[in-house]
Amino acid sequence: MPENNFMIFNEAFKEIDTMNDSEYQAATQRQKGVASGVADRRLHNKFYRQASIMVKSLANFIEAQGQDATDEDESVLLDSLQNAFSAFIGTLLESHDGDANAHAKIRQLISNAVSSASSGLNSHNVSSSAHSAKFAEYLKLSTGGTVAGPTTFKSSVTMQAASTIPTQPTSSNNTNIANTAFVKAALLAFLTDRNFIKAVMDAIGSETLSQYGVKYNFDNPNAWSISLGRLFGGLILQGGATPRPSNNATTATFATSFGSTDYIIVPVGVIDANDNKWNLTVNVLKDYKTADSCTFRTSDSIAPACYYLAAGKLIA
């Protein structure tokens, strides 16, 4: 059994021999210390009882943990005190670890805290004045007003399908948000603006279609051509007039080369008013069809020139 030789002074405790709490609190010698003269026995009985009963309680704690509590050696008593605390804490931890409900109170405290916070948030959410100042700032911004002080907005905003914003005039040229009504009105204004349409057509004629191979040349009435480019399958339409035949043949030289000799060419004879000929037959010499020219056979060796129209593909 562990030893414990600490005892309580004034263990019998009689009120007639010991100050009560009020007397002890007001006693001058307790406040200022023992003075010269006769010591007050009732004060000292109170003092020694208080000091010794605390020491006795601590000694009983040390003893309860299986350690000796004696006044024989101060270092031994200190070891006993440390061992007693270690044993006591170890017992508490073992009890905590083996108890399935060890955290029940903590969980309840957390639940209570969450419930309290939730109640506070709900109260905040239903309050008509919770965000009154911020909402006033929003109204100023959304209606074109100004807000004093710094303001920070998110870089992107997700709006509901039914959200609406003011419709700007079609003449607006600012950074305000455009709704669908503004976009529709602006497009209609463009599509009915002759200057805009003309500018579009000029842009198509000078830039867009030329990038796709669309071109034409009417400088020479005897050898003109229209190339419609790859948007129209590379189709080429061209025509003109040939020189007068020589030895019953004449050759048409094209303004634009075809991609092959599979083009179609239609010639027709031309008779001057003072000619003695009533007609001039012109036929295509198929073996003399090239990408750059085509030779015709005529019914007269020196008849007037021939007119022709040819259609085929652009050189790949």
# chains A, B, ... in the order shown; residues from 1 in each chain; ligands from 1
call {"tool": "residues_around", "arguments": {"residues": "Pro221 (chain A)", "least_positions_apart": "2", "cutoff": "8 Å", "atoms": "only C-alpha atoms", "output": "list in words"}}
result
Phe218, Asp219, Ala223, Trp224, Gly240 and Ala241 of chain A
call {"tool": "write_last_selection", "arguments": {"atoms": "N, CA and C atoms", "output": "JSON list (two decimals), in the first residue's frame"}}
result
[["chain", "number", "residue", "atom", "x", "y", "z"],
["A", 218, "PHE", "N", -12.74, 42.50, -120.11],
["A", 218, "PHE", "CA", -13.48, 42.90, -121.30],
["A", 218, "PHE", "C", -12.72, 43.99, -122.09],
["A", 219, "ASP", "N", -11.43, 44.13, -121.79],
["A", 219, "ASP", "CA", -10.65, 45.19, -122.47],
["A", 219, "ASP", "C", -10.58, 44.96, -123.99],
["A", 223, "ALA", "N", -11.42, 39.24, -127.68],
["A", 223, "ALA", "CA", -10.94, 38.14, -126.82],
["A", 223, "ALA", "C", -11.24, 38.51, -125.37],
["A", 224, "TRP", "N", -12.49, 38.27, -124.94],
["A", 224, "TRP", "CA", -12.89, 38.58, -123.57],
["A", 224, "TRP", "C", -13.14, 37.28, -122.80],
["A", 240, "GLY", "N", -15.18, 35.99, -128.55],
["A", 240, "GLY", "CA", -14.46, 37.00, -129.31],
["A", 240, "GLY", "C", -14.60, 36.78, -130.81],
["A", 241, "ALA", "N", -13.63, 37.28, -131.55],
["A", 241, "ALA", "CA", -13.63, 37.17, -133.02],
["A", 241, "ALA", "C", -12.26, 36.70, -133.48]]
call {"tool": "residues_around", "arguments": {"residues": "Leu81 (chain A)", "least_positions_apart": "2", "cutoff": "12 Å", "atoms": "only C-alpha atoms", "output": "ChimeraX atom specification"}}
result
/A:55,58-70,74-79,83-88
call {"tool": "write_last_selection", "arguments": {"atoms": "N, CA and C atoms", "output": "mmCIF file, in the first residue's frame"}}
result
data_model
loop_
_atom_site.group_PDB
_atom_site.id
_atom_site.type_symbol
_atom_site.label_atom_id
_atom_site.label_comp_id
_atom_site.auth_asym_id
_atom_site.auth_seq_id
_atom_site.Cartn_x
_atom_site.Cartn_y
_atom_site.Cartn_z
ATOM 1 N N VAL A 55 -2.902 20.674 1.012
ATOM 2 C CA VAL A 55 -1.791 19.728 0.911
ATOM 3 C C VAL A 55 -2.294 18.309 1.091
ATOM 4 N N LEU A 58 -3.990 17.043 -2.083
ATOM 5 C CA LEU A 58 -3.012 16.684 -3.102
ATOM 6 C C LEU A 58 -2.319 15.383 -2.766
ATOM 7 N N ALA A 59 -1.998 15.172 -1.483
ATOM 8 C CA ALA A 59 -1.368 13.920 -1.046
ATOM 9 C C ALA A 59 -2.307 12.743 -1.260
ATOM 10 N N ASN A 60 -3.599 12.947 -0.980
ATOM 11 C CA ASN A 60 -4.573 11.863 -1.203
ATOM 12 C C ASN A 60 -4.657 11.507 -2.692
ATOM 13 N N PHE A 61 -4.548 12.531 -3.566
ATOM 14 C CA PHE A 61 -4.553 12.282 -5.011
ATOM 15 C C PHE A 61 -3.341 11.435 -5.422
ATOM 16 N N ILE A 62 -2.176 11.800 -4.872
ATOM 17 C CA ILE A 62 -0.958 11.033 -5.180
ATOM 18 C C ILE A 62 -1.115 9.594 -4.701
ATOM 19 N N GLU A 63 -1.658 9.423 -3.509
ATOM 20 C CA GLU A 63 -1.840 8.078 -2.941
ATOM 21 C C GLU A 63 -2.822 7.268 -3.774
ATOM 22 N N ALA A 64 -3.905 7.935 -4.246
ATOM 23 C CA ALA A 64 -4.929 7.234 -5.031
ATOM 24 C C ALA A 64 -4.374 6.700 -6.332
ATOM 25 N N GLN A 65 -3.267 7.299 -6.831
ATOM 26 C CA GLN A 65 -2.637 6.837 -8.067
ATOM 27 C C GLN A 65 -1.559 5.802 -7.802
ATOM 28 N N GLY A 66 -1.501 5.304 -6.528
ATOM 29 C CA GLY A 66 -0.548 4.239 -6.204
ATOM 30 C C GLY A 66 0.844 4.733 -5.897
ATOM 31 N N GLN A 67 1.000 6.027 -5.517
ATOM 32 C CA GLN A 67 2.310 6.597 -5.240
ATOM 33 C C GLN A 67 2.398 6.999 -3.767
ATOM 34 N N ASP A 68 3.614 6.975 -3.223
ATOM 35 C CA ASP A 68 3.849 7.408 -1.838
ATOM 36 C C ASP A 68 3.805 8.918 -1.759
ATOM 37 N N ALA A 69 3.156 9.432 -0.674
ATOM 38 C CA ALA A 69 3.095 10.868 -0.419
ATOM 39 C C ALA A 69 3.571 11.124 1.007
ATOM 40 N N THR A 70 4.892 11.348 1.159
ATOM 41 C CA THR A 70 5.469 11.597 2.490
ATOM 42 C C THR A 70 6.352 12.825 2.424
ATOM 43 N N GLU A 74 12.012 15.737 -0.542
ATOM 44 C CA GLU A 74 11.295 16.591 -1.500
ATOM 45 C C GLU A 74 11.383 16.047 -2.921
ATOM 46 N N SER A 75 12.555 15.551 -3.375
ATOM 47 C CA SER A 75 12.704 15.029 -4.737
ATOM 48 C C SER A 75 11.869 13.775 -4.949
ATOM 49 N N VAL A 76 11.763 12.930 -3.928
ATOM 50 C CA VAL A 76 10.928 11.722 -4.024
ATOM 51 C C VAL A 76 9.468 12.123 -4.140
ATOM 52 N N LEU A 77 9.074 13.148 -3.357
ATOM 53 C CA LEU A 77 7.692 13.616 -3.412
ATOM 54 C C LEU A 77 7.362 14.195 -4.784
ATOM 55 N N LEU A 78 8.332 14.908 -5.392
ATOM 56 C CA LEU A 78 8.114 15.457 -6.733
ATOM 57 C C LEU A 78 7.935 14.351 -7.764
ATOM 58 N N ASP A 79 8.757 13.294 -7.678
ATOM 59 C CA ASP A 79 8.593 12.152 -8.593
ATOM 60 C C ASP A 79 7.222 11.513 -8.428
ATOM 61 N N ASN A 83 4.459 11.098 -11.324
ATOM 62 C CA ASN A 83 3.942 9.762 -11.667
ATOM 63 C C ASN A 83 2.428 9.697 -11.469
ATOM 64 N N ALA A 84 1.939 10.389 -10.427
ATOM 65 C CA ALA A 84 0.509 10.369 -10.147
ATOM 66 C C ALA A 84 -0.256 11.027 -11.298
ATOM 67 N N PHE A 85 0.239 12.169 -11.744
ATOM 68 C CA PHE A 85 -0.427 12.845 -12.864
ATOM 69 C C PHE A 85 -0.364 12.003 -14.140
ATOM 70 N N SER A 86 0.777 11.374 -14.419
ATOM 71 C CA SER A 86 0.907 10.527 -15.610
ATOM 72 C C SER A 86 -0.074 9.386 -15.573
ATOM 73 N N ALA A 87 -0.194 8.750 -14.394
ATOM 74 C CA ALA A 87 -1.112 7.624 -14.261
ATOM 75 C C ALA A 87 -2.556 8.072 -14.427
ATOM 76 N N PHE A 88 -2.877 9.230 -13.829
ATOM 77 C CA PHE A 88 -4.246 9.736 -13.908
ATOM 78 C C PHE A 88 -4.628 10.064 -15.355
#
call {"tool": "closest_residue", "arguments": {"among": "A:Asn195, A:Thr170, A:Arg49, A:Ala255", "to": "Val183 (chain A)", "atoms": "only C-alpha atoms"}}
result
A:Thr170
call {"tool": "closest_residue", "arguments": {"among": "A:Phe9, A:Ile271, A:Val200, A:Ile16", "to": "Gln50 (chain A)", "atoms": "only C-alpha atoms"}}
result
A:Phe9
call {"tool": "closest_residue", "arguments": {"among": "A:Met19, A:Ile226, A:Ala311, A:Ala273", "to": "Ser260 (chain A)", "atoms": "only C-alpha atoms"}}
result
A:Ala311
call {"tool": "closest_residue", "arguments": {"among": "A:Lys286, A:Lys277, A:Arg41, A:Arg244", "to": "Tyr263 (chain A)", "atoms": "only C-alpha atoms"}}
result
A:Lys286
call {"tool": "atom_distance", "arguments": {"atom1": "CA of Asp292 (chain A)", "atom2": "CA of Ser257 (chain A)"}}
result
4.8 Å
call {"tool": "closest_residue", "arguments": {"among": "A:Ile53, A:Val284, A:Ile264, A:Val38", "to": "Lys313 (chain A)", "atoms": "only C-alpha atoms"}}
result
A:Ile264
call {"tool": "atom_distance", "arguments": {"atom1": "CA of Gln82 (chain A)", "atom2": "CA of Pro2 (chain A)"}}
result
15.1 Å
call {"tool": "atom_distance", "arguments": {"atom1": "CA of Ala185 (chain A)", "atom2": "CA of Met201 (chain A)"}}
result
21.5 Å
